[in-house]
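Reading through the structure tokens given below for one structure.
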Amino acid sequence: MKGREQKLSPKKTPFFPNRRSAIISIAVVCLLIIFAILVIDRSTAMRLARYNSKAEAARQEALDQIDLRFTYASRLASLLGSTEVSEKTISAIASYHKDDTVENLSAAYDKLDEALSELQKEIFISPDYVFYDPYFDKMYECETNLVRAVENYNEETNFFNQQRNAFPARLIASRLGLTPLAPFALSNSLKGRP
């Protein structure tokens with residue numbers, strides 16, 4: 001019976017033949033793990049930077065259209081003079097700062113949109129409306145271009161934020177100082193008003 005038990009149990013061989021091969025194998029595995037971590041870190045950092053730059057380019061396109069609309073509104077206000085332009089319109093134009101945050105720009109844009117809507121209704125009955133109409137047409141054109149630019153920016157922002165919040169990317173984004181991007185909130189204003 002003893003002979004039979006010995007045949008059934010396999011002879012145990014050590015995983016490493018000697019201590020030197022064990023140390024070398026462990027060192028190689030550790031180096032491969034470190035290399036893999038560095039490669040993942042670098043590729044994730046490059047990917048996040050690429051997504052961030054796409055979102056920034058889309059943001060700049062939207063900012064250009066917002067700036068153009070505020071420029072036209074400012075010129076229209078100066079053309080009309082203080083008698084026909086309401087305090088609300090002047091206040092809305094003054095609230096715009098090109099280098100402001102997306103949230104503040106959205107609020108300023110909404111404020112301008114509301115003021116321009118009222119202003120257009122007020123001066124529509126004026127006989128000189130024909131002279132002011134091209135400004136409203138240009139502002140409408142800016143708004144039409146802004147719709148596409150804001151949609152593009154919000155999509156890029158959403159994608160960047162999703163990628164940033166994934167597990168390894170969150171750590172790398174924190175290390176690189178990449179904070180979540182805020183989307184534009186202009187949906188109420190972008191309805192085809194002047």
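Naming scheme: A, B, ... for chains in displayed order of the structure tokens; residues 1 onward per chain; ligands 1 onward as shown.
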Contact residues around stretch 110-121 of chain A with only C-alpha atoms at 6 Å, ignoring same-chain residues under 2 positions, as a list in words: Lys88, Thr89, Ala92, Ala107, Ala108, Ile123, Phe124 and Ser189 of chain A
Residues of the last selection are to be written out with N, CA, C and O atoms, as a compact mmCIF listing (two decimals), in the first residue's frame.
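Generated file (result-v9.txt):
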```
# COMPACT_ATOMS: atom_id res chain seq x y z
N LYS A 88 -31.19 98.10 -18.48
CA LYS A 88 -31.00 96.65 -18.48
C LYS A 88 -30.02 96.22 -19.57
O LYS A 88 -29.16 95.37 -19.34
N THR A 89 -30.12 96.84 -20.74
CA THR A 89 -29.21 96.51 -21.84
C THR A 89 -27.80 96.96 -21.52
O THR A 89 -26.83 96.22 -21.74
N ALA A 92 -26.38 94.66 -18.98
CA ALA A 92 -26.06 93.35 -19.57
C ALA A 92 -24.75 93.41 -20.34
O ALA A 92 -23.92 92.50 -20.24
N ALA A 107 -24.22 83.28 -17.73
CA ALA A 107 -25.15 84.21 -17.07
C ALA A 107 -25.19 85.56 -17.79
O ALA A 107 -26.27 86.13 -17.99
N ALA A 108 -24.02 86.06 -18.20
CA ALA A 108 -23.97 87.34 -18.92
C ALA A 108 -24.68 87.23 -20.27
O ALA A 108 -25.40 88.16 -20.68
N ILE A 123 -37.79 99.05 -30.09
CA ILE A 123 -37.40 99.89 -31.23
C ILE A 123 -37.99 99.41 -32.55
O ILE A 123 -37.81 100.04 -33.58
N PHE A 124 -38.73 98.28 -32.52
CA PHE A 124 -39.33 97.78 -33.75
C PHE A 124 -40.34 98.77 -34.32
O PHE A 124 -40.48 98.90 -35.54
N SER A 189 -31.41 80.57 -23.77
CA SER A 189 -31.18 81.72 -24.63
C SER A 189 -31.09 81.36 -26.10
O SER A 189 -31.40 82.17 -26.96
```
Write down as a compact mmCIF listing (two decimals) with all heavy atoms, in the first residue's frame the residues of stretch 59-128 of chain A whose backbone DSSP state falls under alpha helix (DSSP H).
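Wrote out-v2.txt, looks like this:
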```
# COMPACT_ATOMS: atom_id res chain seq x y z
N ARG A 59 -14.23 75.57 -26.83
CA ARG A 59 -14.57 76.69 -25.94
C ARG A 59 -14.19 78.02 -26.60
O ARG A 59 -14.95 78.98 -26.55
CB ARG A 59 -13.85 76.53 -24.60
CG ARG A 59 -14.10 77.66 -23.63
CD ARG A 59 -13.32 77.39 -22.32
NE ARG A 59 -13.44 78.49 -21.41
CZ ARG A 59 -12.63 79.54 -21.36
NH1 ARG A 59 -11.61 79.61 -22.18
NH2 ARG A 59 -12.82 80.51 -20.51
N GLN A 60 -13.02 78.06 -27.22
CA GLN A 60 -12.56 79.29 -27.86
C GLN A 60 -13.48 79.68 -29.02
O GLN A 60 -13.78 80.86 -29.21
CB GLN A 60 -11.12 79.12 -28.35
CG GLN A 60 -10.49 80.41 -28.81
CD GLN A 60 -10.50 81.48 -27.75
OE1 GLN A 60 -10.12 81.24 -26.60
NE2 GLN A 60 -10.94 82.67 -28.10
N GLU A 61 -13.95 78.69 -29.75
CA GLU A 61 -14.88 78.95 -30.86
C GLU A 61 -16.18 79.55 -30.32
O GLU A 61 -16.71 80.52 -30.88
CB GLU A 61 -15.18 77.65 -31.61
CG GLU A 61 -16.06 77.82 -32.81
CD GLU A 61 -16.36 76.50 -33.49
OE1 GLU A 61 -15.64 75.51 -33.26
OE2 GLU A 61 -17.33 76.46 -34.25
N ALA A 62 -16.67 79.01 -29.21
CA ALA A 62 -17.89 79.55 -28.60
C ALA A 62 -17.65 80.96 -28.05
O ALA A 62 -18.48 81.85 -28.22
CB ALA A 62 -18.38 78.62 -27.49
N LEU A 63 -16.49 81.17 -27.45
CA LEU A 63 -16.16 82.49 -26.91
C LEU A 63 -16.07 83.54 -28.00
O LEU A 63 -16.46 84.69 -27.80
CB LEU A 63 -14.84 82.44 -26.13
CG LEU A 63 -14.87 81.74 -24.78
CD1 LEU A 63 -13.48 81.75 -24.16
CD2 LEU A 63 -15.87 82.38 -23.86
N ASP A 64 -15.56 83.15 -29.16
CA ASP A 64 -15.47 84.09 -30.28
C ASP A 64 -16.86 84.56 -30.70
O ASP A 64 -17.07 85.75 -30.97
CB ASP A 64 -14.75 83.44 -31.47
CG ASP A 64 -13.27 83.24 -31.23
OD1 ASP A 64 -12.72 83.85 -30.28
OD2 ASP A 64 -12.65 82.46 -31.98
N GLN A 65 -17.81 83.63 -30.75
CA GLN A 65 -19.18 84.00 -31.14
C GLN A 65 -19.86 84.85 -30.07
O GLN A 65 -20.56 85.81 -30.37
CB GLN A 65 -20.01 82.74 -31.42
CG GLN A 65 -19.56 81.98 -32.64
CD GLN A 65 -19.54 82.84 -33.89
OE1 GLN A 65 -20.44 83.62 -34.15
NE2 GLN A 65 -18.49 82.69 -34.69
N ILE A 66 -19.61 84.51 -28.80
CA ILE A 66 -20.18 85.32 -27.71
C ILE A 66 -19.59 86.72 -27.75
O ILE A 66 -20.31 87.72 -27.61
CB ILE A 66 -19.92 84.64 -26.34
CG1 ILE A 66 -20.76 83.37 -26.22
CG2 ILE A 66 -20.22 85.59 -25.19
CD1 ILE A 66 -20.45 82.53 -25.00
N ASP A 67 -18.28 86.80 -27.94
CA ASP A 67 -17.62 88.11 -28.00
C ASP A 67 -18.15 88.94 -29.16
O ASP A 67 -18.40 90.14 -29.02
CB ASP A 67 -16.11 87.91 -28.12
CG ASP A 67 -15.34 89.21 -28.00
OD1 ASP A 67 -15.55 89.92 -26.99
OD2 ASP A 67 -14.55 89.52 -28.91
N LEU A 68 -18.34 88.30 -30.30
CA LEU A 68 -18.87 89.01 -31.47
C LEU A 68 -20.29 89.53 -31.20
O LEU A 68 -20.62 90.66 -31.55
CB LEU A 68 -18.86 88.06 -32.67
CG LEU A 68 -19.00 88.66 -34.05
CD1 LEU A 68 -17.92 89.70 -34.31
CD2 LEU A 68 -18.93 87.56 -35.10
N ARG A 69 -21.09 88.72 -30.53
CA ARG A 69 -22.46 89.16 -30.24
C ARG A 69 -22.47 90.34 -29.26
O ARG A 69 -23.24 91.28 -29.44
CB ARG A 69 -23.26 88.00 -29.66
CG ARG A 69 -24.75 88.32 -29.61
CD ARG A 69 -25.56 87.06 -29.59
NE ARG A 69 -26.94 87.35 -29.90
CZ ARG A 69 -27.93 87.25 -29.02
NH1 ARG A 69 -27.69 86.92 -27.79
NH2 ARG A 69 -29.17 87.50 -29.39
N PHE A 70 -21.60 90.29 -28.27
CA PHE A 70 -21.52 91.41 -27.34
C PHE A 70 -20.98 92.66 -28.03
O PHE A 70 -21.39 93.78 -27.72
CB PHE A 70 -20.66 91.06 -26.13
CG PHE A 70 -21.43 90.44 -25.00
CD1 PHE A 70 -21.54 89.07 -24.89
CD2 PHE A 70 -22.07 91.23 -24.07
CE1 PHE A 70 -22.26 88.50 -23.86
CE2 PHE A 70 -22.79 90.68 -23.03
CZ PHE A 70 -22.89 89.29 -22.92
N THR A 71 -20.07 92.48 -28.98
CA THR A 71 -19.54 93.63 -29.73
C THR A 71 -20.64 94.30 -30.54
O THR A 71 -20.77 95.53 -30.53
CB THR A 71 -18.39 93.17 -30.65
OG1 THR A 71 -17.37 92.57 -29.85
CG2 THR A 71 -17.81 94.32 -31.43
N TYR A 72 -21.44 93.48 -31.25
CA TYR A 72 -22.55 94.05 -32.02
C TYR A 72 -23.57 94.73 -31.10
O TYR A 72 -24.09 95.80 -31.43
CB TYR A 72 -23.24 92.97 -32.86
CG TYR A 72 -22.49 92.61 -34.11
CD1 TYR A 72 -22.16 91.29 -34.39
CD2 TYR A 72 -22.11 93.57 -35.04
CE1 TYR A 72 -21.47 90.94 -35.54
CE2 TYR A 72 -21.42 93.24 -36.19
CZ TYR A 72 -21.10 91.92 -36.43
OH TYR A 72 -20.41 91.59 -37.57
N ALA A 73 -23.86 94.12 -29.97
CA ALA A 73 -24.81 94.71 -29.03
C ALA A 73 -24.29 96.04 -28.49
O ALA A 73 -25.04 97.01 -28.36
CB ALA A 73 -25.09 93.75 -27.88
N SER A 74 -23.00 96.09 -28.22
CA SER A 74 -22.39 97.32 -27.72
C SER A 74 -22.44 98.43 -28.77
O SER A 74 -22.75 99.58 -28.46
CB SER A 74 -20.95 97.04 -27.31
OG SER A 74 -20.31 98.19 -26.89
N ARG A 75 -22.17 98.07 -30.02
CA ARG A 75 -22.23 99.08 -31.09
C ARG A 75 -23.65 99.56 -31.32
O ARG A 75 -23.89 100.75 -31.57
CB ARG A 75 -21.64 98.50 -32.38
CG ARG A 75 -20.14 98.35 -32.30
CD ARG A 75 -19.55 97.90 -33.59
NE ARG A 75 -18.11 97.71 -33.44
CZ ARG A 75 -17.39 96.94 -34.21
NH1 ARG A 75 -17.96 96.29 -35.21
NH2 ARG A 75 -16.10 96.82 -34.02
N LEU A 76 -24.59 98.64 -31.24
CA LEU A 76 -25.99 99.02 -31.39
C LEU A 76 -26.41 99.95 -30.27
O LEU A 76 -27.08 100.97 -30.52
CB LEU A 76 -26.89 97.78 -31.40
CG LEU A 76 -28.39 98.03 -31.49
CD1 LEU A 76 -28.75 98.70 -32.81
CD2 LEU A 76 -29.16 96.75 -31.31
N ALA A 77 -25.99 99.66 -29.06
CA ALA A 77 -26.33 100.51 -27.91
C ALA A 77 -25.73 101.89 -28.06
O ALA A 77 -26.38 102.90 -27.77
CB ALA A 77 -25.85 99.86 -26.62
N SER A 78 -24.50 101.96 -28.56
CA SER A 78 -23.88 103.29 -28.74
C SER A 78 -24.55 104.05 -29.88
O SER A 78 -24.65 105.27 -29.85
CB SER A 78 -22.38 103.15 -28.98
OG SER A 78 -22.12 102.51 -30.20
N LEU A 79 -25.02 103.34 -30.89
CA LEU A 79 -25.73 103.97 -32.01
C LEU A 79 -27.08 104.51 -31.56
O LEU A 79 -27.49 105.60 -31.97
CB LEU A 79 -25.96 102.94 -33.12
CG LEU A 79 -25.70 103.43 -34.52
CD1 LEU A 79 -24.37 102.86 -34.98
CD2 LEU A 79 -26.79 102.96 -35.43
N LEU A 80 -27.77 103.76 -30.72
CA LEU A 80 -29.09 104.18 -30.25
C LEU A 80 -29.00 105.35 -29.28
O LEU A 80 -29.89 106.19 -29.24
CB LEU A 80 -29.81 103.01 -29.56
CG LEU A 80 -30.33 101.92 -30.49
CD1 LEU A 80 -30.76 100.72 -29.70
CD2 LEU A 80 -31.50 102.47 -31.30
N GLU A 87 -31.58 100.66 -19.25
CA GLU A 87 -30.53 100.42 -18.25
C GLU A 87 -30.20 98.92 -18.21
O GLU A 87 -29.06 98.54 -17.95
CB GLU A 87 -31.01 100.91 -16.89
CG GLU A 87 -29.94 101.13 -15.86
CD GLU A 87 -28.86 102.12 -16.28
OE1 GLU A 87 -29.18 103.18 -16.85
OE2 GLU A 87 -27.69 101.81 -16.03
N LYS A 88 -31.19 98.10 -18.48
CA LYS A 88 -31.00 96.65 -18.48
C LYS A 88 -30.02 96.22 -19.57
O LYS A 88 -29.16 95.37 -19.34
CB LYS A 88 -32.36 95.98 -18.69
CG LYS A 88 -32.36 94.50 -18.51
CD LYS A 88 -33.78 93.97 -18.62
CE LYS A 88 -33.83 92.50 -18.30
NZ LYS A 88 -35.18 91.97 -18.34
N THR A 89 -30.12 96.84 -20.74
CA THR A 89 -29.21 96.51 -21.84
C THR A 89 -27.80 96.96 -21.52
O THR A 89 -26.83 96.22 -21.74
CB THR A 89 -29.70 97.17 -23.15
OG1 THR A 89 -31.05 96.81 -23.39
CG2 THR A 89 -28.84 96.75 -24.32
N ILE A 90 -27.65 98.16 -20.99
CA ILE A 90 -26.33 98.68 -20.63
C ILE A 90 -25.70 97.81 -19.55
O ILE A 90 -24.52 97.47 -19.61
CB ILE A 90 -26.43 100.16 -20.18
CG1 ILE A 90 -26.86 101.01 -21.37
CG2 ILE A 90 -25.11 100.64 -19.61
CD1 ILE A 90 -27.26 102.43 -21.01
N SER A 91 -26.51 97.42 -18.58
CA SER A 91 -26.03 96.56 -17.50
C SER A 91 -25.62 95.19 -18.04
O SER A 91 -24.61 94.62 -17.60
CB SER A 91 -27.13 96.41 -16.46
OG SER A 91 -26.89 95.35 -15.61
N ALA A 92 -26.38 94.66 -18.98
CA ALA A 92 -26.06 93.35 -19.57
C ALA A 92 -24.75 93.41 -20.34
O ALA A 92 -23.92 92.50 -20.24
CB ALA A 92 -27.19 92.89 -20.48
N ILE A 93 -24.54 94.48 -21.09
CA ILE A 93 -23.30 94.63 -21.85
C ILE A 93 -22.12 94.81 -20.90
O ILE A 93 -21.04 94.25 -21.11
CB ILE A 93 -23.41 95.80 -22.84
CG1 ILE A 93 -24.45 95.47 -23.93
CG2 ILE A 93 -22.07 96.12 -23.47
CD1 ILE A 93 -24.83 96.63 -24.82
N ALA A 94 -22.33 95.54 -19.83
CA ALA A 94 -21.25 95.77 -18.85
C ALA A 94 -20.89 94.51 -18.06
O ALA A 94 -19.77 94.40 -17.56
CB ALA A 94 -21.64 96.88 -17.90
N VAL A 102 -16.91 80.00 -17.54
CA VAL A 102 -18.01 79.58 -18.41
C VAL A 102 -19.35 79.87 -17.74
O VAL A 102 -20.30 80.30 -18.41
CB VAL A 102 -17.86 78.08 -18.76
CG1 VAL A 102 -19.09 77.54 -19.45
CG2 VAL A 102 -16.64 77.87 -19.64
N GLU A 103 -19.43 79.65 -16.44
CA GLU A 103 -20.68 79.91 -15.73
C GLU A 103 -21.06 81.39 -15.80
O GLU A 103 -22.21 81.74 -16.07
CB GLU A 103 -20.58 79.48 -14.25
CG GLU A 103 -20.42 77.99 -14.06
CD GLU A 103 -18.97 77.54 -14.03
OE1 GLU A 103 -18.06 78.38 -14.29
OE2 GLU A 103 -18.73 76.36 -13.77
N ASN A 104 -20.09 82.27 -15.55
CA ASN A 104 -20.36 83.71 -15.59
C ASN A 104 -20.66 84.19 -17.00
O ASN A 104 -21.50 85.08 -17.20
CB ASN A 104 -19.19 84.49 -15.00
CG ASN A 104 -19.05 84.27 -13.51
OD1 ASN A 104 -19.97 83.82 -12.85
ND2 ASN A 104 -17.88 84.58 -12.97
N LEU A 105 -19.99 83.62 -17.99
CA LEU A 105 -20.27 83.98 -19.38
C LEU A 105 -21.68 83.55 -19.77
O LEU A 105 -22.37 84.27 -20.49
CB LEU A 105 -19.23 83.35 -20.31
CG LEU A 105 -17.84 83.96 -20.29
CD1 LEU A 105 -16.86 83.10 -21.08
CD2 LEU A 105 -17.86 85.38 -20.83
N SER A 106 -22.08 82.38 -19.29
CA SER A 106 -23.44 81.91 -19.57
C SER A 106 -24.47 82.86 -18.97
O SER A 106 -25.46 83.21 -19.62
CB SER A 106 -23.64 80.50 -19.02
OG SER A 106 -22.80 79.58 -19.65
N ALA A 107 -24.22 83.28 -17.73
CA ALA A 107 -25.15 84.21 -17.07
C ALA A 107 -25.19 85.56 -17.79
O ALA A 107 -26.27 86.13 -17.99
CB ALA A 107 -24.74 84.40 -15.61
N ALA A 108 -24.02 86.06 -18.20
CA ALA A 108 -23.97 87.34 -18.92
C ALA A 108 -24.68 87.23 -20.27
O ALA A 108 -25.40 88.16 -20.68
CB ALA A 108 -22.52 87.77 -19.11
N TYR A 109 -24.50 86.12 -20.94
CA TYR A 109 -25.14 85.92 -22.24
C TYR A 109 -26.66 85.87 -22.07
O TYR A 109 -27.40 86.47 -22.86
CB TYR A 109 -24.64 84.63 -22.90
CG TYR A 109 -25.12 84.48 -24.31
CD1 TYR A 109 -24.40 85.02 -25.36
CD2 TYR A 109 -26.31 83.83 -24.60
CE1 TYR A 109 -24.85 84.91 -26.67
CE2 TYR A 109 -26.76 83.70 -25.89
CZ TYR A 109 -26.03 84.25 -26.92
OH TYR A 109 -26.48 84.14 -28.21
N ASP A 110 -27.13 85.16 -21.06
CA ASP A 110 -28.58 85.09 -20.80
C ASP A 110 -29.14 86.48 -20.51
O ASP A 110 -30.22 86.83 -20.98
CB ASP A 110 -28.87 84.15 -19.63
CG ASP A 110 -28.68 82.69 -20.00
OD1 ASP A 110 -28.67 82.37 -21.19
OD2 ASP A 110 -28.56 81.86 -19.07
N LYS A 111 -28.40 87.23 -19.74
CA LYS A 111 -28.84 88.60 -19.39
C LYS A 111 -28.91 89.47 -20.65
O LYS A 111 -29.87 90.22 -20.84
CB LYS A 111 -27.84 89.17 -18.39
CG LYS A 111 -28.26 90.41 -17.69
CD LYS A 111 -27.23 90.79 -16.63
CE LYS A 111 -27.60 92.05 -15.92
NZ LYS A 111 -26.59 92.45 -14.93
N LEU A 112 -27.91 89.37 -21.52
CA LEU A 112 -27.91 90.14 -22.76
C LEU A 112 -29.04 89.70 -23.67
O LEU A 112 -29.71 90.54 -24.29
CB LEU A 112 -26.57 89.98 -23.49
CG LEU A 112 -26.50 90.68 -24.85
CD1 LEU A 112 -26.45 92.20 -24.66
CD2 LEU A 112 -25.29 90.21 -25.63
N ASP A 113 -29.27 88.41 -23.74
CA ASP A 113 -30.31 87.90 -24.61
C ASP A 113 -31.68 88.44 -24.21
O ASP A 113 -32.47 88.86 -25.05
CB ASP A 113 -30.32 86.37 -24.58
CG ASP A 113 -31.28 85.79 -25.58
OD1 ASP A 113 -31.01 85.90 -26.79
OD2 ASP A 113 -32.32 85.27 -25.15
N GLU A 114 -31.93 88.44 -22.92
CA GLU A 114 -33.20 88.96 -22.42
C GLU A 114 -33.33 90.46 -22.70
O GLU A 114 -34.37 90.94 -23.14
CB GLU A 114 -33.29 88.70 -20.91
CG GLU A 114 -34.63 89.01 -20.31
CD GLU A 114 -34.66 88.69 -18.84
OE1 GLU A 114 -34.10 87.65 -18.44
OE2 GLU A 114 -35.23 89.50 -18.09
N ALA A 115 -32.24 91.20 -22.49
CA ALA A 115 -32.26 92.65 -22.73
C ALA A 115 -32.45 92.96 -24.20
O ALA A 115 -33.20 93.88 -24.57
CB ALA A 115 -30.98 93.28 -22.21
N LEU A 116 -31.78 92.21 -25.08
CA LEU A 116 -31.92 92.46 -26.53
C LEU A 116 -33.31 92.12 -27.03
O LEU A 116 -33.83 92.78 -27.94
CB LEU A 116 -30.87 91.65 -27.30
CG LEU A 116 -29.45 92.15 -27.24
CD1 LEU A 116 -28.52 91.21 -27.99
CD2 LEU A 116 -29.34 93.55 -27.82
N SER A 117 -33.90 91.10 -26.44
CA SER A 117 -35.26 90.74 -26.84
C SER A 117 -36.22 91.88 -26.53
O SER A 117 -37.07 92.24 -27.36
CB SER A 117 -35.68 89.47 -26.09
OG SER A 117 -36.95 89.06 -26.51
N GLU A 118 -36.09 92.46 -25.36
CA GLU A 118 -36.93 93.61 -24.99
C GLU A 118 -36.60 94.84 -25.84
O GLU A 118 -37.50 95.57 -26.25
CB GLU A 118 -36.75 93.93 -23.51
CG GLU A 118 -37.35 92.90 -22.59
CD GLU A 118 -37.07 93.21 -21.13
OE1 GLU A 118 -36.65 94.34 -20.81
OE2 GLU A 118 -37.28 92.31 -20.29
N LEU A 119 -35.30 95.06 -26.09
CA LEU A 119 -34.89 96.22 -26.87
C LEU A 119 -35.43 96.15 -28.29
O LEU A 119 -35.91 97.16 -28.83
CB LEU A 119 -33.35 96.32 -26.89
CG LEU A 119 -32.77 97.48 -27.70
CD1 LEU A 119 -33.13 98.82 -27.06
CD2 LEU A 119 -31.26 97.34 -27.80
N GLN A 120 -35.38 94.98 -28.88
CA GLN A 120 -35.88 94.85 -30.25
C GLN A 120 -37.37 95.13 -30.31
O GLN A 120 -37.85 95.77 -31.25
CB GLN A 120 -35.58 93.46 -30.80
CG GLN A 120 -35.92 93.35 -32.28
CD GLN A 120 -35.56 92.01 -32.87
OE1 GLN A 120 -35.49 91.02 -32.16
NE2 GLN A 120 -35.34 91.98 -34.16
N LYS A 121 -38.11 94.67 -29.31
CA LYS A 121 -39.55 94.95 -29.29
C LYS A 121 -39.82 96.45 -29.16
O LYS A 121 -40.75 96.97 -29.76
CB LYS A 121 -40.20 94.20 -28.13
CG LYS A 121 -40.27 92.71 -28.34
CD LYS A 121 -40.80 92.01 -27.11
CE LYS A 121 -40.69 90.51 -27.24
NZ LYS A 121 -41.05 89.82 -25.98
N GLU A 122 -38.98 97.11 -28.36
CA GLU A 122 -39.17 98.55 -28.14
C GLU A 122 -38.87 99.37 -29.39
O GLU A 122 -39.59 100.31 -29.72
CB GLU A 122 -38.27 99.03 -27.00
CG GLU A 122 -38.71 98.58 -25.63
CD GLU A 122 -37.68 98.92 -24.56
OE1 GLU A 122 -36.75 99.72 -24.84
OE2 GLU A 122 -37.79 98.37 -23.45
N ILE A 123 -37.79 99.05 -30.09
CA ILE A 123 -37.40 99.89 -31.23
C ILE A 123 -37.99 99.41 -32.55
O ILE A 123 -37.81 100.04 -33.58
CB ILE A 123 -35.87 100.04 -31.35
CG1 ILE A 123 -35.19 98.70 -31.65
CG2 ILE A 123 -35.29 100.68 -30.13
CD1 ILE A 123 -33.73 98.84 -31.99
```
Among listed residues A:Lys98, A:Lys12, A:Arg164, A:Arg19, nearest A:Tyr51 (using only C-alpha atoms):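 With only C-alpha atoms as the atom set, the closest residue is A:Arg164.
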